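Shown here: start.tsv, TSV, C-alpha atoms.
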```tsv
chain	number	residue	atom	x	y	z
A	1	MET	CA	0.00	0.00	0.00
A	2	LYS	CA	1.26	3.45	-0.95
A	3	LYS	CA	2.39	5.82	1.79
A	4	LEU	CA	0.33	8.99	2.16
A	5	ASP	CA	2.24	12.20	1.40
A	6	GLU	CA	1.12	15.77	0.63
A	7	LYS	CA	0.99	15.20	-3.15
A	8	GLU	CA	-1.21	12.08	-2.72
A	9	LEU	CA	-3.36	13.90	-0.14
A	10	ILE	CA	-4.11	16.71	-2.63
A	11	LYS	CA	-4.84	14.21	-5.42
A	12	SER	CA	-7.16	12.20	-3.13
A	13	ALA	CA	-8.99	15.28	-1.87
A	14	LYS	CA	-9.83	16.22	-5.47
A	15	ALA	CA	-11.19	12.73	-6.21
A	16	PHE	CA	-13.09	12.69	-2.88
A	17	CYS	CA	-14.78	16.04	-3.63
A	18	LYS	CA	-15.79	14.80	-7.08
A	19	GLN	CA	-17.13	11.52	-5.65
A	20	GLU	CA	-19.08	13.06	-2.77
A	21	SER	CA	-20.43	16.26	-4.37
A	22	GLY	CA	-24.07	15.71	-5.30
A	23	LYS	CA	-24.36	12.40	-3.43
A	24	TYR	CA	-27.50	12.24	-1.29
A	25	ARG	CA	-27.10	10.62	2.14
A	26	LYS	CA	-29.75	9.84	4.77
A	27	GLU	CA	-27.28	10.71	7.56
A	28	LEU	CA	-27.15	14.34	6.40
A	29	PHE	CA	-30.89	15.03	6.14
A	30	GLY	CA	-32.02	17.85	8.43
A	31	VAL	CA	-28.57	18.32	9.96
A	32	THR	CA	-27.98	22.03	10.49
A	33	ASP	CA	-25.17	21.80	13.05
A	34	GLY	CA	-21.94	22.63	11.19
A	35	LYS	CA	-19.85	20.70	13.71
A	36	ALA	CA	-21.87	17.52	13.08
A	37	VAL	CA	-21.50	17.91	9.29
A	38	GLY	CA	-17.78	18.58	9.76
A	39	THR	CA	-17.22	15.46	11.87
A	40	PHE	CA	-19.15	13.36	9.34
A	41	VAL	CA	-17.01	14.61	6.42
A	42	GLU	CA	-13.74	14.28	8.38
A	43	HIS	CA	-14.46	10.62	9.14
A	44	LEU	CA	-15.64	9.98	5.59
A	45	PHE	CA	-12.41	11.44	4.16
A	46	GLN	CA	-10.21	9.59	6.68
A	47	ASN	CA	-11.90	6.31	5.73
A	48	TYR	CA	-11.48	7.15	2.03
A	49	LEU	CA	-7.74	7.70	2.53
A	50	SER	CA	-7.17	4.67	4.76
A	51	LYS	CA	-8.53	2.34	2.03
A	52	ASN	CA	-5.81	3.50	-0.36
A	53	TYR	CA	-2.84	4.55	1.76
A	54	GLU	CA	-0.61	3.54	4.60
A	55	MET	CA	-1.28	6.29	7.12
A	56	GLU	CA	-1.92	7.20	10.72
A	57	VAL	CA	-5.43	8.35	11.59
A	58	GLY	CA	-5.57	11.09	14.20
A	59	SER	CA	-6.98	11.01	17.68
A	60	SER	CA	-7.83	13.69	20.21
A	61	ALA	CA	-4.55	12.82	21.97
A	62	ASN	CA	-2.30	14.06	19.15
A	63	GLY	CA	-4.76	16.71	17.99
A	64	LEU	CA	-4.37	16.26	14.21
A	65	ASP	CA	-6.69	14.34	11.89
A	66	LEU	CA	-3.82	13.23	9.61
A	67	PRO	CA	-0.66	13.19	11.75
A	68	SER	CA	1.40	11.23	9.20
A	69	VAL	CA	1.27	14.29	6.90
A	70	ASN	CA	1.12	16.87	9.75
A	71	THR	CA	-2.31	18.02	8.54
A	72	ASP	CA	-5.65	18.87	10.12
A	73	ILE	CA	-8.93	18.55	8.21
A	74	LYS	CA	-11.29	21.54	8.38
A	75	VAL	CA	-14.85	21.39	7.03
A	76	THR	CA	-17.02	24.49	6.85
A	77	SER	CA	-20.12	25.91	5.16
A	78	ILE	CA	-19.75	28.58	2.45
A	79	LYS	CA	-22.29	30.68	4.43
A	80	GLN	CA	-19.54	31.46	6.94
A	81	PRO	CA	-16.27	29.69	6.11
A	82	GLN	CA	-14.65	29.38	9.53
A	83	SER	CA	-13.72	26.89	12.22
A	84	SER	CA	-11.89	26.78	15.53
A	85	CYS	CA	-8.61	25.24	16.57
A	86	PRO	CA	-6.74	24.89	19.89
A	87	PHE	CA	-4.78	27.87	21.16
A	88	LYS	CA	-1.23	26.71	21.89
A	89	ASP	CA	0.93	29.81	21.68
A	90	SER	CA	0.50	33.53	20.91
A	91	LYS	CA	3.14	33.19	18.19
A	92	GLN	CA	0.80	30.98	16.10
A	93	LYS	CA	-0.85	34.18	14.86
A	94	ILE	CA	2.57	35.39	13.64
A	95	TYR	CA	4.43	32.24	12.57
A	96	GLY	CA	1.51	29.91	11.79
A	97	LEU	CA	-0.26	27.03	13.48
A	98	GLY	CA	2.67	24.60	13.11
A	99	TYR	CA	0.77	22.19	10.85
A	100	ASN	CA	-0.92	22.12	7.43
A	101	LEU	CA	-4.65	22.48	6.84
A	102	ILE	CA	-6.89	20.93	4.23
A	103	VAL	CA	-10.09	22.99	4.09
A	104	PHE	CA	-13.32	21.61	2.56
A	105	VAL	CA	-16.02	24.24	1.96
A	106	TYR	CA	-19.50	22.95	1.20
A	107	LYS	CA	-23.00	24.04	0.28
A	108	LYS	CA	-25.73	21.80	1.74
A	109	THR	CA	-29.12	20.93	0.21
A	110	ASP	CA	-31.87	18.73	1.65
A	111	ASP	CA	-34.37	16.72	-0.40
A	112	ALA	CA	-37.58	16.54	1.65
A	113	MET	CA	-39.10	13.90	-0.63
A	114	GLN	CA	-36.15	11.50	-0.33
A	115	LYS	CA	-35.37	12.59	3.27
A	116	LYS	CA	-31.71	12.83	2.31
A	117	GLY	CA	-29.11	15.58	2.48
A	118	MET	CA	-26.45	16.43	-0.09
A	119	LEU	CA	-23.18	18.33	0.11
A	120	GLU	CA	-21.57	20.08	-2.81
A	121	PHE	CA	-17.88	20.85	-2.24
A	122	ILE	CA	-17.45	24.22	-3.88
A	123	SER	CA	-13.95	24.89	-2.58
A	124	CYS	CA	-11.12	22.74	-1.27
A	125	THR	CA	-7.63	24.02	-0.48
A	126	PHE	CA	-4.42	22.63	0.96
A	127	ILE	CA	-2.63	25.25	3.07
A	128	ASP	CA	0.99	24.58	3.95
A	129	LYS	CA	1.88	25.30	7.60
A	130	SER	CA	4.06	28.23	6.40
A	131	ARG	CA	0.88	30.08	5.31
A	132	THR	CA	-1.32	29.46	8.37
A	133	ALA	CA	-0.57	32.73	10.21
A	134	ASP	CA	-2.92	35.74	10.39
A	135	TYR	CA	-2.93	37.91	7.26
A	136	GLN	CA	-3.31	41.36	8.83
A	137	THR	CA	-0.78	40.62	11.60
A	138	THR	CA	1.91	39.32	9.25
A	139	THR	CA	1.41	42.02	6.57
A	140	GLY	CA	1.47	44.71	9.28
A	141	LEU	CA	4.68	43.34	10.79
A	142	MET	CA	6.36	43.11	7.39
A	143	HIS	CA	5.40	46.74	6.72
A	144	ILE	CA	7.08	47.83	10.00
A	145	ILE	CA	10.24	45.83	9.18
A	146	GLU	CA	10.40	47.27	5.63
A	147	ASN	CA	10.13	50.76	7.18
A	148	LYS	CA	13.17	49.99	9.37
A	149	GLY	CA	11.05	49.65	12.52
A	150	ASN	CA	12.67	48.54	15.79
A	151	ALA	CA	11.60	46.22	18.62
A	152	ASP	CA	9.61	49.04	20.30
A	153	ASP	CA	7.60	49.63	17.11
A	154	ILE	CA	6.85	45.92	16.82
A	155	PHE	CA	5.96	45.70	20.53
A	156	ALA	CA	3.49	48.61	20.11
A	157	PHE	CA	1.93	46.89	17.06
A	158	LEU	CA	1.55	43.56	18.92
A	159	ASN	CA	0.04	45.37	21.91
A	160	ASP	CA	-2.40	47.36	19.73
A	161	HIS	CA	-3.45	44.15	17.94
A	162	LYS	CA	-4.10	42.45	21.30
A	163	ILE	CA	-1.74	39.51	20.74
A	164	PRO	CA	-2.58	37.46	23.87
A	165	ALA	CA	0.59	37.67	26.00
A	166	ASP	CA	2.04	39.75	28.83
A	167	GLU	CA	4.40	42.70	28.16
A	168	VAL	CA	7.64	40.78	28.80
A	169	THR	CA	6.56	37.99	26.41
A	170	LEU	CA	5.48	40.56	23.79
A	171	MET	CA	8.87	42.29	23.91
A	172	ASN	CA	10.63	38.92	23.54
A	173	ILE	CA	8.38	38.12	20.54
A	174	ALA	CA	9.14	41.58	19.07
A	175	LYS	CA	12.91	40.92	19.27
A	176	GLU	CA	12.42	37.47	17.71
A	177	ILE	CA	10.40	38.99	14.84
A	178	LEU	CA	13.26	41.38	14.02
A	179	LYS	CA	15.70	38.45	13.79
A	180	ASN	CA	13.24	36.10	12.10
A	181	PRO	CA	10.56	37.99	10.11
A	182	PRO	CA	7.35	36.02	9.48
A	183	ILE	CA	6.02	34.80	6.13
A	184	ILE	CA	2.68	36.31	5.08
A	185	GLY	CA	-0.17	34.09	6.34
A	186	TYR	CA	-3.52	33.82	4.58
A	187	LEU	CA	-5.92	33.05	7.43
A	188	THR	CA	-7.89	35.48	9.55
A	189	ILE	CA	-7.29	34.39	13.14
A	190	SER	CA	-9.49	35.89	15.87
A	191	ASN	CA	-8.47	35.82	19.53
A	192	ALA	CA	-10.60	33.60	21.77
A	193	LEU	CA	-10.13	30.72	24.21
A	194	GLN	CA	-9.66	28.78	20.97
A	195	TRP	CA	-8.35	30.43	17.84
A	196	ARG	CA	-11.18	31.22	15.43
A	197	LEU	CA	-9.94	30.60	11.87
A	198	GLN	CA	-11.69	32.30	8.96
A	199	TYR	CA	-11.10	31.20	5.36
A	200	SER	CA	-12.83	33.75	3.09
A	201	ARG	CA	-9.47	35.05	1.80
A	202	ILE	CA	-8.39	31.49	0.93
A	203	VAL	CA	-11.72	30.61	-0.73
A	204	THR	CA	-11.74	33.68	-3.01
A	205	LEU	CA	-7.97	33.81	-3.65
A	206	ASN	CA	-7.19	34.32	-7.34
A	207	GLU	CA	-3.43	34.81	-7.25
A	208	THR	CA	-0.89	31.97	-7.12
A	209	ILE	CA	0.76	31.75	-3.71
A	210	ASP	CA	3.52	29.30	-2.79
A	211	GLY	CA	2.20	26.98	-0.09
A	212	ILE	CA	-1.48	27.33	-1.05
A	213	SER	CA	-2.80	24.63	-3.39
A	214	PRO	CA	-6.37	25.08	-4.72
A	215	ILE	CA	-7.90	21.61	-5.15
A	216	VAL	CA	-11.46	22.65	-6.02
A	217	LYS	CA	-11.70	26.27	-7.14
A	218	TYR	CA	-14.57	28.39	-5.86
A	219	ASP	CA	-16.50	30.07	-8.68
A	220	LEU	CA	-18.01	33.30	-7.36
A	221	GLU	CA	-19.99	33.97	-10.57
A	222	ILE	CA	-21.74	30.58	-10.46
A	223	ASP	CA	-22.46	30.98	-6.72
A	224	ASN	CA	-24.06	34.40	-7.30
A	225	GLU	CA	-26.41	33.22	-10.04
```
Would you mind writing the structure in this file as structure tokens?
Amino acid sequence: MKKLDEKELIKSAKAFCKQESGKYRKELFGVTDGKAVGTFVEHLFQNYLSKNYEMEVGSSANGLDLPSVNTDIKVTSIKQPQSSCPFKDSKQKIYGLGYNLIVFVYKKTDDAMQKKGMLEFISCTFIDKSRTADYQTTTGLMHIIENKGNADDIFAFLNDHKIPADEVTLMNIAKEILKNPPIIGYLTISNALQWRLQYSRIVTLNETIDGISPIVKYDLEIDNE
């Protein structure tokens, strides 16, 4: 059996979206809870992969759905493409989550006659861990660095943007940023007890960015018809 790697994961996600889009399932009828839909799709995709690849399936202990490729599966509705993830460190907003994401975005339809629900995957993207930081935070920091800002400038920016850490930690992060500037992230990450990840920028992204692989491309024109 072939070993699962990032290239095979992307290829499989494309085939999975094609196979599952438009398929009516009794288990999905009447389900409006996004978390329940997400869990259903995560398990479905894990099972799909495990039939074809040698891989490790995640557990709550290690925190990732696909630990063998350092990737977490995120499933969200196009109505509000977002999800949550554990808060580990304030620096995740600056340097990324530390793992890759594969994000499935769906539109759900129910058939009352058949009493079945159907998902259409209208976007699917693989996001390398290097691109999982917050967009506004990383672009703002890069702007300060390009303008020859110092640690005090960066500290003030982090403080104004409410990066969750005390002043000593923020100053240490500011000094680290000067030595090791971040790469621009493409998520919107909101502060909470858990990070709140928002994917609208990823879904509607038209430019080619290293580390972001569109698997199913969202078509805004078709969605607005």
Exercise for review: Provide the atom CA of A:Thr125 to atom CA of A:Pro182 distance in Å, to one decimal place.
Suggested key: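 Pair atom CA of A:Thr125 / atom CA of A:Pro182 returns 21.6 Å.
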At a cut-off of 8 Å, can you tabulate as a Markdown table every residue of stretch 31-81 of chain A near stretch 98-109 of chain A together with its closest atom pair and the distance in Å to one decimal, using all atoms listed in the file and ordering rows by chain then number?
```
| residue | atom | partner | partner_atom | distance |
| --- | --- | --- | --- | --- |
| A:Asn70 | CA | A:Tyr99 | CA | 5.4 |
| A:Thr71 | CA | A:Asn100 | CA | 4.5 |
| A:Asp72 | CA | A:Leu101 | CA | 5.0 |
| A:Ile73 | CA | A:Ile102 | CA | 5.1 |
| A:Lys74 | CA | A:Val103 | CA | 4.7 |
| A:Val75 | CA | A:Phe104 | CA | 4.7 |
| A:Thr76 | CA | A:Val105 | CA | 5.0 |
| A:Ser77 | CA | A:Tyr106 | CA | 5.0 |
| A:Ile78 | CA | A:Val105 | CA | 5.7 |
| A:Lys79 | CA | A:Lys107 | CA | 7.9 |
| A:Pro81 | CA | A:Val105 | CA | 6.9 |
```
Exercise for review: Give me the residues within 12 Å of A:Gly96 as a ChimeraX atom specification, counting all atoms listed in the file and dropping any in the same chain fewer than 4 places off.
Suggested key: /A:87-92,100-101,127-135,137-138,182-189,195,197
Point to revise | Point-to-point distance from atom CA of A:Phe121 to atom CA of A:Leu4, Å rounded to tenths | key: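 These two atoms are separated by 22.2 Å.
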Point to revise | Counting all atoms listed in the file, the option among A:Gly63, A:Glu207, A:Lys7, A:Ser12 closest to A:Asn47 | key: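 Among the listed residues, A:Ser12 lies closest to A:Asn47.
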Practice item. For atom CA of A:Ser123 and atom CA of A:Phe16, determine how far apart the two atoms are, in Å to one decimal place. Key: 12.2 Å
Study note, to complete from the structure: Shortest contact to A:Gly22, candidates A:Met118, A:Cys85, A:Leu9, A:Val203, atoms counted all atoms listed in the file, goes to A:Met118
